[in-house]
file query_13.csv (CSV, C-alpha atoms)
chain,number,residue,atom,x,y,z
A,1,MET,CA,-76.1,59.3,37.3
A,2,LEU,CA,-73.2,60.8,39.3
A,3,VAL,CA,-72.7,64.5,38.9
A,4,THR,CA,-70.7,67.2,40.7
A,5,LEU,CA,-72.2,69.7,43.1
A,6,SER,CA,-71.6,72.5,40.7
A,7,GLU,CA,-73.6,70.8,38.0
A,8,ALA,CA,-76.5,70.1,40.3
A,9,LEU,CA,-76.7,73.5,41.9
A,10,LYS,CA,-76.2,75.4,38.6
A,11,LYS,CA,-79.5,73.9,37.4
A,12,ALA,CA,-81.2,74.5,40.8
A,13,CYS,CA,-80.3,78.2,41.0
A,14,LYS,CA,-81.5,78.7,37.4
A,15,GLY,CA,-84.7,76.8,38.1
A,16,ARG,CA,-85.3,78.6,41.5
A,17,TYR,CA,-85.4,75.4,43.6
A,18,ALA,CA,-83.0,73.8,46.0
A,19,VAL,CA,-81.4,70.3,46.1
A,20,GLY,CA,-81.6,68.5,49.4
A,21,ALA,CA,-78.4,67.1,50.9
A,22,PHE,CA,-79.3,64.2,53.1
A,23,ASN,CA,-76.9,62.7,55.6
A,24,VAL,CA,-76.4,58.9,55.3
A,25,ASN,CA,-74.6,56.5,57.5
A,26,ASN,CA,-75.5,53.1,56.3
A,27,LEU,CA,-77.1,51.0,53.5
A,28,GLU,CA,-80.7,51.6,54.7
A,29,ALA,CA,-80.3,55.4,54.7
A,30,ILE,CA,-78.8,55.4,51.2
A,31,GLN,CA,-81.6,53.2,50.0
A,32,ALA,CA,-84.3,55.3,51.7
A,33,VAL,CA,-83.0,58.6,50.1
A,34,MET,CA,-82.6,57.0,46.7
A,35,ASP,CA,-86.1,55.5,46.8
A,36,ALA,CA,-87.4,59.0,47.5
A,37,SER,CA,-85.3,60.5,44.7
A,38,GLU,CA,-86.6,57.9,42.2
A,39,ALA,CA,-90.2,58.4,43.3
A,40,GLU,CA,-90.0,62.2,43.1
A,41,ARG,CA,-87.7,62.3,40.0
A,42,SER,CA,-85.6,64.7,42.0
A,43,PRO,CA,-81.8,65.4,42.0
A,44,VAL,CA,-80.2,64.5,45.3
A,45,ILE,CA,-77.1,64.9,47.4
A,46,LEU,CA,-75.9,61.9,49.4
A,47,SER,CA,-73.9,63.4,52.3
A,48,THR,CA,-71.4,61.7,54.6
A,49,SER,CA,-70.1,63.4,57.7
A,50,GLU,CA,-66.8,62.7,59.3
A,51,GLY,CA,-68.7,60.8,61.9
A,52,ALA,CA,-70.4,58.6,59.2
A,53,ILE,CA,-67.0,57.8,57.7
A,54,GLN,CA,-65.6,56.9,61.1
A,55,TYR,CA,-68.6,54.7,61.6
A,56,ALA,CA,-69.0,52.9,58.2
A,57,GLY,CA,-65.9,53.7,56.3
A,58,MET,CA,-65.2,56.1,53.4
A,59,GLU,CA,-64.7,53.4,50.8
A,60,GLU,CA,-67.8,51.4,52.0
A,61,LEU,CA,-70.1,54.4,51.8
A,62,GLY,CA,-68.5,55.6,48.6
A,63,LEU,CA,-69.0,52.3,46.8
A,64,LEU,CA,-72.6,52.1,48.0
A,65,ALA,CA,-73.4,55.6,46.8
A,66,ARG,CA,-71.7,55.1,43.4
A,67,LEU,CA,-73.6,51.9,42.9
A,68,ALA,CA,-76.9,53.7,43.7
A,69,ALA,CA,-76.0,56.5,41.4
A,70,ALA,CA,-75.1,54.1,38.5
A,71,ARG,CA,-78.6,52.5,38.8
A,72,THR,CA,-80.6,55.7,38.3
A,73,LYS,CA,-81.0,58.4,35.7
A,74,VAL,CA,-81.6,61.2,38.3
A,75,PRO,CA,-78.6,63.4,39.2
A,76,VAL,CA,-76.8,62.2,42.3
A,77,VAL,CA,-74.0,64.1,44.1
A,78,PHE,CA,-71.8,62.2,46.6
A,79,HIS,CA,-70.6,64.8,49.1
A,80,LEU,CA,-68.4,65.0,52.1
A,81,ASP,CA,-70.3,67.2,54.7
A,82,HIS,CA,-68.7,69.5,57.2
A,83,GLY,CA,-65.1,68.5,56.6
A,84,LYS,CA,-62.8,70.0,59.2
A,85,ASP,CA,-60.1,67.4,59.1
A,86,VAL,CA,-58.0,68.7,56.2
A,87,ALA,CA,-56.2,65.3,55.7
A,88,LEU,CA,-59.5,63.6,55.5
A,89,ILE,CA,-60.8,66.1,52.9
A,90,GLU,CA,-57.7,65.6,50.8
A,91,THR,CA,-58.2,61.8,51.0
A,92,ALA,CA,-61.8,62.2,49.9
A,93,ILE,CA,-60.8,64.4,47.0
A,94,LYS,CA,-58.2,62.0,45.8
A,95,SER,CA,-60.3,58.9,46.4
A,96,GLY,CA,-62.2,59.0,43.2
A,97,LEU,CA,-65.4,58.4,45.1
A,98,TYR,CA,-66.6,61.9,45.9
A,99,THR,CA,-67.9,64.5,43.4
A,100,SER,CA,-68.1,67.2,46.1
A,101,VAL,CA,-66.5,68.0,49.4
A,102,MET,CA,-67.1,70.7,52.0
A,103,PHE,CA,-64.4,72.4,54.0
A,104,ASP,CA,-65.7,74.0,57.1
A,105,GLY,CA,-63.1,76.7,58.1
A,106,SER,CA,-65.8,78.9,59.7
A,107,SER,CA,-64.0,78.7,63.1
A,108,LEU,CA,-60.8,80.0,61.7
A,109,PRO,CA,-59.8,83.7,61.5
A,110,PHE,CA,-61.0,85.1,58.1
A,111,GLU,CA,-57.5,85.1,56.4
A,112,GLU,CA,-56.8,81.6,57.6
A,113,ASN,CA,-60.1,80.4,56.3
A,114,VAL,CA,-59.4,82.1,52.9
A,115,LYS,CA,-55.9,80.5,52.7
A,116,ALA,CA,-57.0,77.0,53.6
A,117,THR,CA,-60.1,77.1,51.4
A,118,SER,CA,-58.2,78.4,48.4
A,119,ARG,CA,-55.7,75.6,48.7
A,120,LEU,CA,-58.3,72.9,48.9
A,121,VAL,CA,-60.3,74.4,46.0
A,122,LYS,CA,-57.3,74.1,43.8
A,123,LEU,CA,-56.8,70.5,44.8
A,124,ALA,CA,-60.5,69.7,44.4
A,125,HIS,CA,-60.7,71.2,40.9
A,126,LYS,CA,-57.6,69.4,39.8
A,127,HIS,CA,-59.5,66.2,40.5
A,128,GLY,CA,-62.8,67.3,39.0
A,129,VAL,CA,-64.4,67.7,42.5
A,130,SER,CA,-66.6,70.6,43.6
A,131,LEU,CA,-65.8,72.4,46.9
A,132,GLU,CA,-68.3,74.0,49.3
A,133,ALA,CA,-66.9,76.4,51.8
A,134,GLU,CA,-68.4,78.1,54.9
A,135,LEU,CA,-68.3,81.6,56.3
A,136,GLY,CA,-70.0,82.5,59.6
A,137,ALA,CA,-71.0,80.5,62.6
A,138,ILE,CA,-73.9,78.2,62.1
A,139,ALA,CA,-75.5,78.1,65.5
A,140,GLY,CA,-78.8,79.2,67.0
A,141,ILE,CA,-79.6,82.8,67.1
A,142,GLU,CA,-80.5,82.4,70.8
A,143,ASP,CA,-76.9,81.2,71.5
A,144,PHE,CA,-75.8,84.9,71.1
A,145,VAL,CA,-76.7,87.1,74.0
A,146,SER,CA,-76.9,90.4,72.1
A,147,VAL,CA,-77.7,91.9,68.7
A,148,GLU,CA,-74.0,92.8,68.3
A,149,ALA,CA,-72.9,89.3,69.1
A,150,LYS,CA,-75.4,87.8,66.7
A,151,ASP,CA,-74.4,90.1,63.9
A,152,ALA,CA,-70.7,89.3,64.4
A,153,HIS,CA,-71.3,85.6,64.1
A,154,LEU,CA,-73.6,85.6,61.1
A,155,THR,CA,-72.3,85.8,57.6
A,156,GLN,CA,-71.4,89.4,56.5
A,157,PRO,CA,-72.4,90.1,52.8
A,158,SER,CA,-69.4,92.3,52.1
A,159,GLN,CA,-67.0,89.8,53.6
A,160,ALA,CA,-68.7,87.0,51.7
A,161,THR,CA,-68.1,88.8,48.4
A,162,THR,CA,-64.4,89.0,49.2
A,163,PHE,CA,-64.2,85.4,50.4
A,164,VAL,CA,-65.8,83.9,47.3
A,165,ARG,CA,-63.7,86.0,44.9
A,166,ARG,CA,-60.4,85.1,46.7
A,167,THR,CA,-61.1,81.4,47.3
A,168,GLY,CA,-62.9,80.4,44.1
A,169,CYS,CA,-65.3,78.1,46.0
A,170,ASP,CA,-68.2,76.5,44.2
A,171,ALA,CA,-70.8,77.0,46.9
A,172,LEU,CA,-71.0,78.9,50.1
A,173,ALA,CA,-72.6,77.7,53.4
A,174,ILE,CA,-73.9,80.8,55.2
A,175,ALA,CA,-75.0,81.6,58.7
A,176,VAL,CA,-78.4,83.3,58.9
A,177,GLY,CA,-79.7,81.9,62.1
A,178,THR,CA,-80.1,78.1,61.6
A,179,SER,CA,-78.6,75.6,63.9
A,180,HIS,CA,-77.5,72.0,63.9
A,181,GLY,CA,-79.3,69.3,66.0
A,182,ALA,CA,-82.9,68.8,67.0
A,183,TYR,CA,-83.2,71.7,69.4
A,184,LYS,CA,-82.7,74.7,67.1
A,185,PHE,CA,-85.1,77.2,68.8
A,186,LYS,CA,-86.9,77.6,72.1
A,187,LYS,CA,-89.8,79.4,70.4
A,188,ALA,CA,-90.7,79.8,66.7
A,189,SER,CA,-87.8,79.6,64.2
A,190,GLU,CA,-86.2,82.9,63.3
A,191,LEU,CA,-84.0,83.5,60.3
A,192,ASP,CA,-82.3,86.7,59.1
A,193,PHE,CA,-84.0,87.0,55.7
A,194,PRO,CA,-82.8,90.6,54.9
A,195,ARG,CA,-79.2,89.3,55.4
A,196,LEU,CA,-80.0,86.2,53.2
A,197,LYS,CA,-81.3,88.5,50.5
A,198,ALA,CA,-78.2,90.7,50.7
A,199,LEU,CA,-75.9,87.6,50.5
A,200,ALA,CA,-77.7,86.3,47.4
A,201,GLU,CA,-77.1,89.7,45.7
A,202,ALA,CA,-73.5,89.9,46.9
A,203,VAL,CA,-72.1,86.6,45.7
A,204,ASN,CA,-72.1,84.7,42.4
A,205,VAL,CA,-72.1,81.1,43.8
A,206,PRO,CA,-74.9,79.0,45.1
A,207,LEU,CA,-75.8,79.5,48.7
A,208,VAL,CA,-76.2,76.6,51.2
A,209,LEU,CA,-78.4,76.4,54.2
A,210,HIS,CA,-77.1,74.1,56.9
A,211,GLY,CA,-79.0,73.1,60.1
A,212,ALA,CA,-82.3,73.2,58.2
A,213,SER,CA,-84.2,70.2,59.5
A,214,SER,CA,-87.8,71.1,60.3
A,215,VAL,CA,-88.5,68.4,62.9
A,216,PRO,CA,-92.0,67.6,61.4
A,217,SER,CA,-94.6,67.3,64.1
A,218,TRP,CA,-96.0,64.1,62.8
A,219,VAL,CA,-92.7,62.2,62.9
A,220,LYS,CA,-91.8,63.7,66.3
A,221,SER,CA,-95.2,62.7,67.7
A,222,LEU,CA,-94.7,59.1,66.5
A,223,CYS,CA,-91.2,59.0,68.0
A,224,THR,CA,-92.2,60.4,71.4
A,225,LYS,CA,-95.3,58.1,71.5
A,226,PHE,CA,-92.9,55.1,71.5
A,227,GLY,CA,-90.5,56.4,74.1
A,228,CYS,CA,-88.2,58.9,72.4
A,229,GLU,CA,-87.6,61.8,74.7
A,230,ILE,CA,-87.5,64.7,72.2
A,231,ALA,CA,-90.7,66.6,73.1
A,232,GLY,CA,-88.8,69.9,73.2
A,233,ALA,CA,-87.2,69.5,69.8
A,234,LYS,CA,-88.0,72.3,67.4
A,235,GLY,CA,-86.6,72.9,63.9
A,236,VAL,CA,-86.8,75.5,61.1
A,237,SER,CA,-90.4,76.0,60.0
A,238,GLU,CA,-91.2,74.7,56.5
A,239,ALA,CA,-92.5,78.1,55.6
A,240,HIS,CA,-89.1,79.6,56.5
A,241,VAL,CA,-87.2,76.9,54.5
A,242,LYS,CA,-89.4,77.6,51.5
A,243,LYS,CA,-88.8,81.4,51.9
A,244,ALA,CA,-85.1,80.9,52.1
A,245,VAL,CA,-85.2,78.9,48.8
A,246,GLY,CA,-87.2,81.7,47.2
A,247,LEU,CA,-84.5,84.2,48.3
A,248,GLY,CA,-81.7,82.2,46.6
A,249,VAL,CA,-80.7,79.2,48.7
A,250,CYS,CA,-79.9,76.3,46.3
A,251,LYS,CA,-78.8,73.5,48.7
A,252,VAL,CA,-80.5,72.6,51.9
A,253,ASN,CA,-78.9,70.2,54.4
A,254,VAL,CA,-81.0,67.7,56.3
A,255,ASP,CA,-79.9,65.3,59.0
A,256,THR,CA,-82.0,65.5,62.2
A,257,ASP,CA,-85.3,64.8,60.4
A,258,LEU,CA,-83.9,61.5,59.1
A,259,ARG,CA,-82.5,60.5,62.5
A,260,ILE,CA,-85.9,61.0,64.1
A,261,ALA,CA,-87.7,59.1,61.3
A,262,PHE,CA,-85.2,56.2,61.7
A,263,ASP,CA,-85.7,56.1,65.4
A,264,ALA,CA,-89.5,56.4,65.2
A,265,GLY,CA,-89.7,53.5,62.8
A,266,ILE,CA,-87.6,51.2,64.9
A,267,ARG,CA,-89.2,52.1,68.2
A,268,LYS,CA,-92.7,51.6,66.9
A,269,PHE,CA,-91.8,48.2,65.3
A,270,LEU,CA,-90.1,46.8,68.3
A,271,ALA,CA,-92.9,47.9,70.6
A,272,THR,CA,-95.6,46.3,68.4
A,273,HIS,CA,-93.6,43.3,67.3
A,274,PRO,CA,-91.7,42.1,70.4
A,275,GLN,CA,-91.3,38.6,68.9
A,276,VAL,CA,-89.4,39.7,65.8
A,277,ILE,CA,-85.6,39.4,65.9
A,278,ASP,CA,-84.8,39.7,62.2
A,279,PRO,CA,-82.9,42.9,61.6
A,280,ARG,CA,-84.3,43.2,58.1
A,281,GLU,CA,-87.8,43.3,59.4
A,282,ILE,CA,-86.8,45.7,62.1
A,283,LEU,CA,-85.1,48.2,59.8
A,284,ALA,CA,-87.7,48.1,57.0
A,285,PRO,CA,-90.2,50.5,58.7
A,286,ALA,CA,-87.4,52.9,59.6
A,287,LYS,CA,-86.3,53.0,56.0
A,288,ALA,CA,-89.9,53.6,54.9
A,289,LEU,CA,-90.3,56.5,57.3
A,290,MET,CA,-87.0,58.1,56.1
A,291,THR,CA,-88.2,57.8,52.5
A,292,ARG,CA,-91.5,59.5,53.4
A,293,VAL,CA,-89.6,62.4,55.1
A,294,VAL,CA,-87.2,62.8,52.2
A,295,ARG,CA,-90.0,62.9,49.6
A,296,GLN,CA,-91.8,65.6,51.6
A,297,LYS,CA,-88.6,67.6,51.8
A,298,MET,CA,-88.0,67.3,48.1
A,299,ARG,CA,-91.5,68.7,47.4
A,300,LEU,CA,-90.9,71.5,49.8
A,301,LEU,CA,-87.6,72.5,48.1
A,302,GLY,CA,-89.2,72.4,44.7
A,303,SER,CA,-86.8,69.7,43.4
A,304,SER,CA,-89.5,67.1,42.6
A,305,GLY,CA,-89.7,66.5,38.8
A,306,LYS,CA,-86.4,68.2,38.2
A,307,GLY,CA,-84.4,65.0,37.8
call {"tool": "encode", "arguments": {"input": "query_13.csv", "output": "structure tokens"}}
result
Amino acid sequence: MLVTLSEALKKACKGRYAVGAFNVNNLEAIQAVMDASEAERSPVILSTSEGAIQYAGMEELGLLARLAAARTKVPVVFHLDHGKDVALIETAIKSGLYTSVMFDGSSLPFEENVKATSRLVKLAHKHGVSLEAELGAIAGIEDFVSVEAKDAHLTQPSQATTFVRRTGCDALAIAVGTSHGAYKFKKASELDFPRLKALAEAVNVPLVLHGASSVPSWVKSLCTKFGCEIAGAKGVSEAHVKKAVGLGVCKVNVDTDLRIAFDAGIRKFLATHPQVIDPREILAPAKALMTRVVRQKMRLLGSSGKG
């Protein structure tokens, strides 16, 4: 069943677990995530990035997601991830397809971010859609050359309190040291847990952790075995993700882990079945691997059995 982000995260915060937001780009990805959700009886967020919309189409992805949601009893949120194009966000809100959108105004000066977010929150709520906002720069800790620079780019608890109060956003994506992509850290993952704890105490809306793929060793090894050159990829450790959920994170975004699983499944199948040209047979192992990754993530986040 289709629900808003606010509905899903309210239960997650109360139950001390997090709901996974998994980026999908096509039919197979949606099927893989939904297969995992059904198997784990877990609420789930199907996320589409601006790039996914450009690739597959907003209406096409929306209709697939809504069909999938209509066929299950588990709560499903259809979400626009990392929206920076205001016109696109407005279209998504008015489309009748999305139950949640994210406006990423983190690169804007604080007052501009507040103003733009507030306007979009009002529009979203008018259409029964939840809005996730972002405050702070979600990049790698090692991208900042000094302690002062790192502190300036991560989310400030006092500023977050003001931001949430003035914008009325339904969830807040925070920067505590995670990073997008497959190469998040050069060494072990490092998150600012004291800052996360302070943020959870400072705001009264669900917190969101972006850039939280773990790059599981088993799927990375499989991918590299069949030619994928990502030996240096390193994600957020599963222990750190679990700790972040324990400190108050209620939504965790995952994209890279699904990409690696998809790639590993196709590379292995093509290498071991050179005679096969049927795309359905080629994509099946990729879908199965994505489902396995999502199921493991749901168990890690504590959402299994909560649907």
call {"tool": "residues_near_point", "arguments": {"input": "query_13.csv", "point": "(-96.1, 53.2, 67.3)", "cutoff": "12 Å", "atoms": "only C-alpha atoms", "output": "PyMOL selection string"}}
result
chain A and resi 218-228+261+263-273+285-286
call {"tool": "atom_distance", "arguments": {"input": "query_13.csv", "atom1": "CA of Lys11 in chain A", "atom2": "CA of Met298 in chain A"}}
result
15.2 Å
call {"tool": "residues_around", "arguments": {"input": "query_13.csv", "residues": "Ser304 in chain A", "least_positions_apart": "5", "cutoff": "8 Å", "atoms": "all atoms listed in the file", "output": "PyMOL selection string"}}
result
chain A and resi 40-43+298-299
call {"tool": "closest_residue", "arguments": {"input": "query_13.csv", "among": "A:Ser100, A:Ser213, A:Asn25, A:Thr117", "to": "Val254 in chain A", "atoms": "only C-alpha atoms"}}
result
A:Ser213
call {"tool": "residues_near_point", "arguments": {"input": "query_13.csv", "point": "(-74.9, 72.7, 61.8)", "cutoff": "12 Å", "atoms": "all atoms listed in the file", "output": "PyMOL selection string"}}
result
chain A and resi 23+49+81-83+104+106+134+136-140+173-184+208-213+235+252-256
call {"tool": "residues_around", "arguments": {"input": "query_13.csv", "residues": "Glu238 in chain A", "least_positions_apart": "6", "cutoff": "10 Å", "atoms": "all atoms listed in the file", "output": "ChimeraX atom specification"}}
result
/A:189,212-216,244,297,300-301
call {"tool": "atom_distance", "arguments": {"input": "query_13.csv", "atom1": "CA of Thr167 in chain A", "atom2": "CA of Ala200 in chain A"}}
result
17.3 Å
call {"tool": "residues_around", "arguments": {"input": "query_13.csv", "residues": "Ala171 in chain A", "least_positions_apart": "2", "cutoff": "10 Å", "atoms": "only C-alpha atoms", "output": "JSON, numbers by chain"}}
result
{"A": [5, 6, 9, 102, 130, 131, 132, 133, 134, 164, 168, 169, 173, 174, 203, 204, 205, 206, 207, 208, 250, 251]}
call {"tool": "closest_residue", "arguments": {"input": "query_13.csv", "among": "A:Gly62, A:Gly96, A:Gly248, A:Pro109", "to": "Gly128 in chain A", "atoms": "all atoms listed in the file"}}
result
A:Gly96
call {"tool": "closest_residue", "arguments": {"input": "query_13.csv", "among": "A:Leu289, A:Ala188, A:Gly302, A:Gly15", "to": "Asp35 in chain A", "atoms": "all atoms listed in the file"}}
result
A:Leu289
call {"tool": "atom_distance", "arguments": {"input": "query_13.csv", "atom1": "CA of Arg166 in chain A", "atom2": "CA of Val3 in chain A"}}
result
25.2 Å
call {"tool": "closest_residue", "arguments": {"input": "query_13.csv", "among": "A:Ile30, A:Leu67, A:Leu2, A:Val76", "to": "Ile45 in chain A", "atoms": "all atoms listed in the file"}}
result
A:Val76
call {"tool": "closest_residue", "arguments": {"input": "query_13.csv", "among": "A:Asp257, A:Glu38, A:Asp170, A:Glu229", "to": "Val129 in chain A", "atoms": "all atoms listed in the file"}}
result
A:Asp170
